[in-house]
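Chemist: Here it is, the structure in full.
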Amino acid sequence: MQSSGHEHVIEVTDLRRVYGGGFEAVRGIDFSVRRGEVFALLGTNGAGKTSTVELLEGLAAPAAGRVRVLGHDPYTERAAVRPRTGVMLQEGGFPSELTVAETARMWAGCVSGARPPAEVLALVGLSAKTDTRVKQLSGGQRRRLDLALALLGDPEVLFLDEPSTGLDAEGRRDTWELVGALRDQGTTVLLTTHYLEEAEHLADRLAIMHEGRIATTGTPAEVTAAQPSHISFELPDGYFVGDLPPLAGLGVDDHETDGRIVRLRTRELQRAATGLLVWAGQAGVELRRLDVRSASLEEAFLSIAKKVSAQTAATTTNTQKAQKTRKTEKEYTA
Ligand SMILES: Nc1ncnc2c1ncn2[C@@H]1O[C@H](COP(=O)(O)OP(=O)(O)OP(=O)(O)O)[C@@H](O)[C@H]1O
């Protein structure tokens with residue numbers, strides 16, 4: 001492993017996880033995370049994010065493939081990895097009768113070189129709740145406590161499984177700020193999330209998982225680059241779509257109308273928007289309800305989910321056809 005800023009703190013190669021009943025939840029994935037990066041694992045429900053993160057945390061052994069965290073196997077070399085990592089699980093599961101301060105103190109007792117509990121509680125905005133019993137915390141406050149405990153050991157690598165699920169908008173913003181500050185201090189963060197804007201906001205790089213595989217990976221900009229941008233507006237009174245400048249000439253891929261509303265999809269947003277605005281200016285008309293939107297991660301996500309569902313549907317239809325053919329052959333030969 002290199003010791004430069006490009007050192008790979010997490011390395012995953014052809015990783016597979018198979019559960020007891022033989023179900024393969026992780027089906028051969030590869031990715032790496034550099035020191036100081038925030039890497040987001042996104043995916044549909046049941047895509048295999050938690051199953052993957054648990055392998056990185058050393059909570060289970062892979063069925064096949066290789067995981068290295070800080071150069072070690074997190075499962076067989078747990079003692080070397082665990083003190084340098086912080087883990088925020090989806091379900092903290094703390095004794096509900098203890099107060100926040102007692103929970104943090106108890107946890108600090110299990111962490112070598114722990115930071116003062118009051119310090120991490122302040123970081124996550126729980127200073128006012130130190131004497132509150134865990135069972136009296138709201139869902140969002142519990143997530144904050146989970147995060148505080150993950151920070152007690154001042155980890156080099158932080159695993160956050162859906163860190164802002166259950167948080168209100170302010171709590172989510174606070175968590176983003178905290179994760180951003182940790183990244184600035186050099187902490188490597190791997191997080192799973194269902195909030196695409198969270199990944200867009202926080203992640204240096206990300207991977208979108210679907211059915212145990214990585215469907216796409218890259219920086220948020222790279223992942224969205226392949227997606228079209230959108231422009232919509234209301235046609236000026238007395239004008240029709242045919243009165244607009246030739247759309248293909250503006251780099252518009254396709255368009256649809258909904259009453260007077262026109263929606264355009266383009267991979268050349270600036271050219272299309274400029275062409276339309278110049279036309280409107282010259283015609284002396286206003287493009288009411290004008291909305292110009294660049295491609296978002298949400299679109300990339302939805303298009304992957306849609307593509308894979310279409311493939312699944314096609315496979316199912318082919319299988320059904322094959323079964324029907326086999327049945328017909330059987331009937332014929334019988
Ligand atoms: N202990 C288990 N035994 C058998 N199958 C499991 C087990 N845990 C998870 N699975 C299955 O593995 C697949 C991946 O689950 P996982 O929890 O990793 O997905 P996820 O991407 O984290 O989903 P979500 O976003 O819904 O939390 C799912 O189909 C799930 O039903």
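The chains in the structure tokens are called A, B, ... from first to last as shown; in each chain the residues are counted from 1, and the ligands are counted from 1 in the order shown.
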Around ligand 1, out to 12 Å and counting only C-alpha atoms and all ligand atoms, which residues are there? I want them as a PDB file with N, CA and C atoms, in the first residue's frame.

Modeler:
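Output contents, as saved in part_19.pdb:
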```pdb
ATOM      1  N   ARG A  16     -18.095 -11.409  -2.374  1.00  0.00           N
ATOM      2  CA  ARG A  16     -19.390 -12.105  -2.398  1.00  0.00           C
ATOM      3  C   ARG A  16     -19.835 -12.432  -0.984  1.00  0.00           C
ATOM      4  N   ARG A  17     -21.143 -12.343  -0.777  1.00  0.00           N
ATOM      5  CA  ARG A  17     -21.703 -12.755   0.516  1.00  0.00           C
ATOM      6  C   ARG A  17     -22.916 -13.630   0.270  1.00  0.00           C
ATOM      7  N   VAL A  18     -22.895 -14.782   0.921  1.00  0.00           N
ATOM      8  CA  VAL A  18     -24.000 -15.730   0.763  1.00  0.00           C
ATOM      9  C   VAL A  18     -24.582 -15.988   2.145  1.00  0.00           C
ATOM     10  N   TYR A  19     -25.905 -15.859   2.266  1.00  0.00           N
ATOM     11  CA  TYR A  19     -26.553 -16.116   3.560  1.00  0.00           C
ATOM     12  C   TYR A  19     -26.878 -17.597   3.697  1.00  0.00           C
ATOM     13  N   GLY A  20     -27.237 -17.949   4.938  1.00  0.00           N
ATOM     14  CA  GLY A  20     -27.503 -19.340   5.310  1.00  0.00           C
ATOM     15  C   GLY A  20     -28.306 -20.139   4.296  1.00  0.00           C
ATOM     16  N   GLY A  21     -29.426 -19.567   3.850  1.00  0.00           N
ATOM     17  CA  GLY A  21     -30.282 -20.329   2.936  1.00  0.00           C
ATOM     18  C   GLY A  21     -29.712 -20.446   1.529  1.00  0.00           C
ATOM     19  N   GLY A  22     -28.492 -19.925   1.306  1.00  0.00           N
ATOM     20  CA  GLY A  22     -27.872 -20.010  -0.021  1.00  0.00           C
ATOM     21  C   GLY A  22     -28.101 -18.768  -0.866  1.00  0.00           C
ATOM     22  N   PHE A  23     -28.770 -17.740  -0.297  1.00  0.00           N
ATOM     23  CA  PHE A  23     -29.051 -16.528  -1.069  1.00  0.00           C
ATOM     24  C   PHE A  23     -27.789 -15.669  -1.198  1.00  0.00           C
ATOM     25  N   GLU A  24     -27.424 -15.332  -2.428  1.00  0.00           N
ATOM     26  CA  GLU A  24     -26.215 -14.532  -2.666  1.00  0.00           C
ATOM     27  C   GLU A  24     -26.599 -13.052  -2.680  1.00  0.00           C
ATOM     28  N   ALA A  25     -26.332 -12.375  -1.574  1.00  0.00           N
ATOM     29  CA  ALA A  25     -26.747 -10.968  -1.431  1.00  0.00           C
ATOM     30  C   ALA A  25     -25.735 -10.027  -2.079  1.00  0.00           C
ATOM     31  N   VAL A  26     -24.459 -10.425  -2.094  1.00  0.00           N
ATOM     32  CA  VAL A  26     -23.414  -9.606  -2.730  1.00  0.00           C
ATOM     33  C   VAL A  26     -22.751 -10.503  -3.774  1.00  0.00           C
ATOM     34  N   ARG A  27     -22.767 -10.049  -5.046  1.00  0.00           N
ATOM     35  CA  ARG A  27     -22.450 -10.960  -6.143  1.00  0.00           C
ATOM     36  C   ARG A  27     -21.198 -10.565  -6.930  1.00  0.00           C
ATOM     37  N   LEU A  41     -22.369   4.352  -0.781  1.00  0.00           N
ATOM     38  CA  LEU A  41     -22.969   3.174  -1.419  1.00  0.00           C
ATOM     39  C   LEU A  41     -24.461   3.416  -1.496  1.00  0.00           C
ATOM     40  N   LEU A  42     -24.976   3.501  -2.715  1.00  0.00           N
ATOM     41  CA  LEU A  42     -26.406   3.726  -2.906  1.00  0.00           C
ATOM     42  C   LEU A  42     -27.016   2.457  -3.489  1.00  0.00           C
ATOM     43  N   GLY A  43     -28.328   2.394  -3.435  1.00  0.00           N
ATOM     44  CA  GLY A  43     -28.970   1.253  -4.073  1.00  0.00           C
ATOM     45  C   GLY A  43     -30.401   1.116  -3.660  1.00  0.00           C
ATOM     46  N   THR A  44     -31.114   0.322  -4.421  1.00  0.00           N
ATOM     47  CA  THR A  44     -32.516   0.052  -4.117  1.00  0.00           C
ATOM     48  C   THR A  44     -32.598  -0.761  -2.822  1.00  0.00           C
ATOM     49  N   ASN A  45     -33.796  -0.908  -2.282  1.00  0.00           N
ATOM     50  CA  ASN A  45     -33.961  -1.733  -1.080  1.00  0.00           C
ATOM     51  C   ASN A  45     -33.484  -3.153  -1.388  1.00  0.00           C
ATOM     52  N   GLY A  46     -32.709  -3.687  -0.466  1.00  0.00           N
ATOM     53  CA  GLY A  46     -32.256  -5.067  -0.634  1.00  0.00           C
ATOM     54  C   GLY A  46     -31.145  -5.225  -1.663  1.00  0.00           C
ATOM     55  N   ALA A  47     -30.517  -4.109  -2.049  1.00  0.00           N
ATOM     56  CA  ALA A  47     -29.473  -4.168  -3.081  1.00  0.00           C
ATOM     57  C   ALA A  47     -28.202  -4.860  -2.573  1.00  0.00           C
ATOM     58  N   GLY A  48     -28.003  -4.844  -1.241  1.00  0.00           N
ATOM     59  CA  GLY A  48     -26.816  -5.489  -0.682  1.00  0.00           C
ATOM     60  C   GLY A  48     -25.861  -4.514  -0.013  1.00  0.00           C
ATOM     61  N   LYS A  49     -26.326  -3.305   0.273  1.00  0.00           N
ATOM     62  CA  LYS A  49     -25.448  -2.277   0.870  1.00  0.00           C
ATOM     63  C   LYS A  49     -25.016  -2.682   2.289  1.00  0.00           C
ATOM     64  N   THR A  50     -26.013  -2.987   3.131  1.00  0.00           N
ATOM     65  CA  THR A  50     -25.688  -3.349   4.513  1.00  0.00           C
ATOM     66  C   THR A  50     -24.869  -4.640   4.534  1.00  0.00           C
ATOM     67  N   SER A  51     -25.234  -5.581   3.685  1.00  0.00           N
ATOM     68  CA  SER A  51     -24.480  -6.848   3.634  1.00  0.00           C
ATOM     69  C   SER A  51     -23.022  -6.566   3.294  1.00  0.00           C
ATOM     70  N   THR A  52     -22.771  -5.587   2.443  1.00  0.00           N
ATOM     71  CA  THR A  52     -21.397  -5.224   2.063  1.00  0.00           C
ATOM     72  C   THR A  52     -20.690  -4.529   3.216  1.00  0.00           C
ATOM     73  N   VAL A  53     -21.391  -3.548   3.815  1.00  0.00           N
ATOM     74  CA  VAL A  53     -20.750  -2.767   4.881  1.00  0.00           C
ATOM     75  C   VAL A  53     -20.385  -3.676   6.061  1.00  0.00           C
ATOM     76  N   GLU A  54     -21.239  -4.645   6.341  1.00  0.00           N
ATOM     77  CA  GLU A  54     -20.937  -5.567   7.449  1.00  0.00           C
ATOM     78  C   GLU A  54     -19.654  -6.365   7.178  1.00  0.00           C
ATOM     79  N   LEU A  55     -19.399  -6.672   5.900  1.00  0.00           N
ATOM     80  CA  LEU A  55     -18.150  -7.373   5.567  1.00  0.00           C
ATOM     81  C   LEU A  55     -16.960  -6.452   5.782  1.00  0.00           C
ATOM     82  N   ALA A  60     -18.761 -10.158   9.506  1.00  0.00           N
ATOM     83  CA  ALA A  60     -18.994 -11.460   8.876  1.00  0.00           C
ATOM     84  C   ALA A  60     -17.867 -11.715   7.884  1.00  0.00           C
ATOM     85  N   LEU A  89     -24.066   1.574  13.156  1.00  0.00           N
ATOM     86  CA  LEU A  89     -24.946   0.577  12.559  1.00  0.00           C
ATOM     87  C   LEU A  89     -26.327   1.165  12.334  1.00  0.00           C
ATOM     88  N   GLN A  90     -27.160   0.429  11.565  1.00  0.00           N
ATOM     89  CA  GLN A  90     -28.540   0.903  11.344  1.00  0.00           C
ATOM     90  C   GLN A  90     -29.336   0.878  12.633  1.00  0.00           C
ATOM     91  N   GLU A  91     -29.078  -0.138  13.470  1.00  0.00           N
ATOM     92  CA  GLU A  91     -29.778  -0.253  14.754  1.00  0.00           C
ATOM     93  C   GLU A  91     -28.736  -0.247  15.854  1.00  0.00           C
ATOM     94  N   LEU A 160     -20.754   4.503   8.115  1.00  0.00           N
ATOM     95  CA  LEU A 160     -22.051   5.063   8.514  1.00  0.00           C
ATOM     96  C   LEU A 160     -23.145   4.397   7.695  1.00  0.00           C
ATOM     97  N   ASP A 161     -23.956   3.579   8.371  1.00  0.00           N
ATOM     98  CA  ASP A 161     -25.046   2.913   7.651  1.00  0.00           C
ATOM     99  C   ASP A 161     -26.307   3.756   7.800  1.00  0.00           C
ATOM    100  N   GLU A 162     -26.694   4.400   6.730  1.00  0.00           N
ATOM    101  CA  GLU A 162     -27.853   5.312   6.692  1.00  0.00           C
ATOM    102  C   GLU A 162     -27.833   6.312   7.848  1.00  0.00           C
ATOM    103  N   PRO A 163     -26.814   7.168   7.891  1.00  0.00           N
ATOM    104  CA  PRO A 163     -26.627   8.053   9.051  1.00  0.00           C
ATOM    105  C   PRO A 163     -27.748   9.052   9.258  1.00  0.00           C
ATOM    106  N   THR A 165     -31.070   8.650   8.289  1.00  0.00           N
ATOM    107  CA  THR A 165     -32.434   8.126   8.266  1.00  0.00           C
ATOM    108  C   THR A 165     -33.115   8.506   9.580  1.00  0.00           C
ATOM    109  N   LEU A 191     -20.314   5.550   3.558  1.00  0.00           N
ATOM    110  CA  LEU A 191     -21.684   5.619   4.049  1.00  0.00           C
ATOM    111  C   LEU A 191     -22.652   4.987   3.071  1.00  0.00           C
ATOM    112  N   THR A 192     -23.737   4.464   3.641  1.00  0.00           N
ATOM    113  CA  THR A 192     -24.833   4.020   2.779  1.00  0.00           C
ATOM    114  C   THR A 192     -25.950   5.027   2.975  1.00  0.00           C
ATOM    115  N   THR A 193     -26.724   5.246   1.949  1.00  0.00           N
ATOM    116  CA  THR A 193     -27.816   6.205   2.093  1.00  0.00           C
ATOM    117  C   THR A 193     -28.904   5.953   1.063  1.00  0.00           C
ATOM    118  N   HIS A 194     -30.117   6.365   1.431  1.00  0.00           N
ATOM    119  CA  HIS A 194     -31.232   6.342   0.480  1.00  0.00           C
ATOM    120  C   HIS A 194     -31.477   7.735  -0.057  1.00  0.00           C
ATOM    121  N   TYR A 195     -30.789   8.724   0.549  1.00  0.00           N
ATOM    122  CA  TYR A 195     -31.016  10.106   0.114  1.00  0.00           C
ATOM    123  C   TYR A 195     -30.005  10.469  -0.962  1.00  0.00           C
ATOM    124  N   ALA A 207     -21.017   4.483  -5.500  1.00  0.00           N
ATOM    125  CA  ALA A 207     -21.376   3.314  -6.311  1.00  0.00           C
ATOM    126  C   ALA A 207     -22.859   3.078  -6.119  1.00  0.00           C
ATOM    127  N   ILE A 208     -23.550   2.774  -7.203  1.00  0.00           N
ATOM    128  CA  ILE A 208     -24.966   2.428  -7.090  1.00  0.00           C
ATOM    129  C   ILE A 208     -25.085   0.914  -7.240  1.00  0.00           C
ATOM    130  N   MET A 209     -25.615   0.280  -6.184  1.00  0.00           N
ATOM    131  CA  MET A 209     -25.769  -1.181  -6.207  1.00  0.00           C
ATOM    132  C   MET A 209     -27.184  -1.550  -6.613  1.00  0.00           C
ATOM    133  N   HIS A 210     -27.301  -2.676  -7.263  1.00  0.00           N
ATOM    134  CA  HIS A 210     -28.631  -3.226  -7.562  1.00  0.00           C
ATOM    135  C   HIS A 210     -28.485  -4.736  -7.596  1.00  0.00           C
ATOM    136  N   GLU A 211     -29.325  -5.392  -6.813  1.00  0.00           N
ATOM    137  CA  GLU A 211     -29.350  -6.855  -6.750  1.00  0.00           C
ATOM    138  C   GLU A 211     -27.957  -7.455  -6.597  1.00  0.00           C
ATOM    139  N   GLY A 212     -27.211  -6.917  -5.618  1.00  0.00           N
ATOM    140  CA  GLY A 212     -25.930  -7.518  -5.261  1.00  0.00           C
ATOM    141  C   GLY A 212     -24.752  -7.124  -6.131  1.00  0.00           C
ATOM    142  N   ARG A 213     -25.003  -6.306  -7.149  1.00  0.00           N
ATOM    143  CA  ARG A 213     -23.902  -5.899  -8.042  1.00  0.00           C
ATOM    144  C   ARG A 213     -23.788  -4.392  -8.079  1.00  0.00           C
ATOM    145  N   ILE A 214     -22.612  -3.908  -8.497  1.00  0.00           N
ATOM    146  CA  ILE A 214     -22.462  -2.464  -8.681  1.00  0.00           C
ATOM    147  C   ILE A 214     -22.867  -2.138 -10.116  1.00  0.00           C
TER     148      ILE A 214
END
```

Chemist: Got a sec: who's within 8 Å of range 99-109 of chain A, counting only C-alpha atoms, leaving out chain neighbours fewer than 2 positions off, as a PyMOL selection string?

Modeler: chain A and resi 94-97+111-112+114-118+129-134+145+148-149+152-153

Chemist: Please tabulate, as JSON lines, the residues of range 233-322 of chain A that come within 7 Å of range 220-226 of chain A, each with its closest pair of atoms and the distance in Å to one decimal, counting only C-alpha atoms and ordering rows by chain, then residue number upward.

Modeler:
```
{"residue": "A:Ala295", "atom": "CA", "partner": "A:Thr224", "partner_atom": "CA", "distance": 5.9}
{"residue": "A:Ser296", "atom": "CA", "partner": "A:Thr224", "partner_atom": "CA", "distance": 5.8}
{"residue": "A:Leu297", "atom": "CA", "partner": "A:Thr224", "partner_atom": "CA", "distance": 5.5}
{"residue": "A:Ala300", "atom": "CA", "partner": "A:Thr224", "partner_atom": "CA", "distance": 5.8}
```
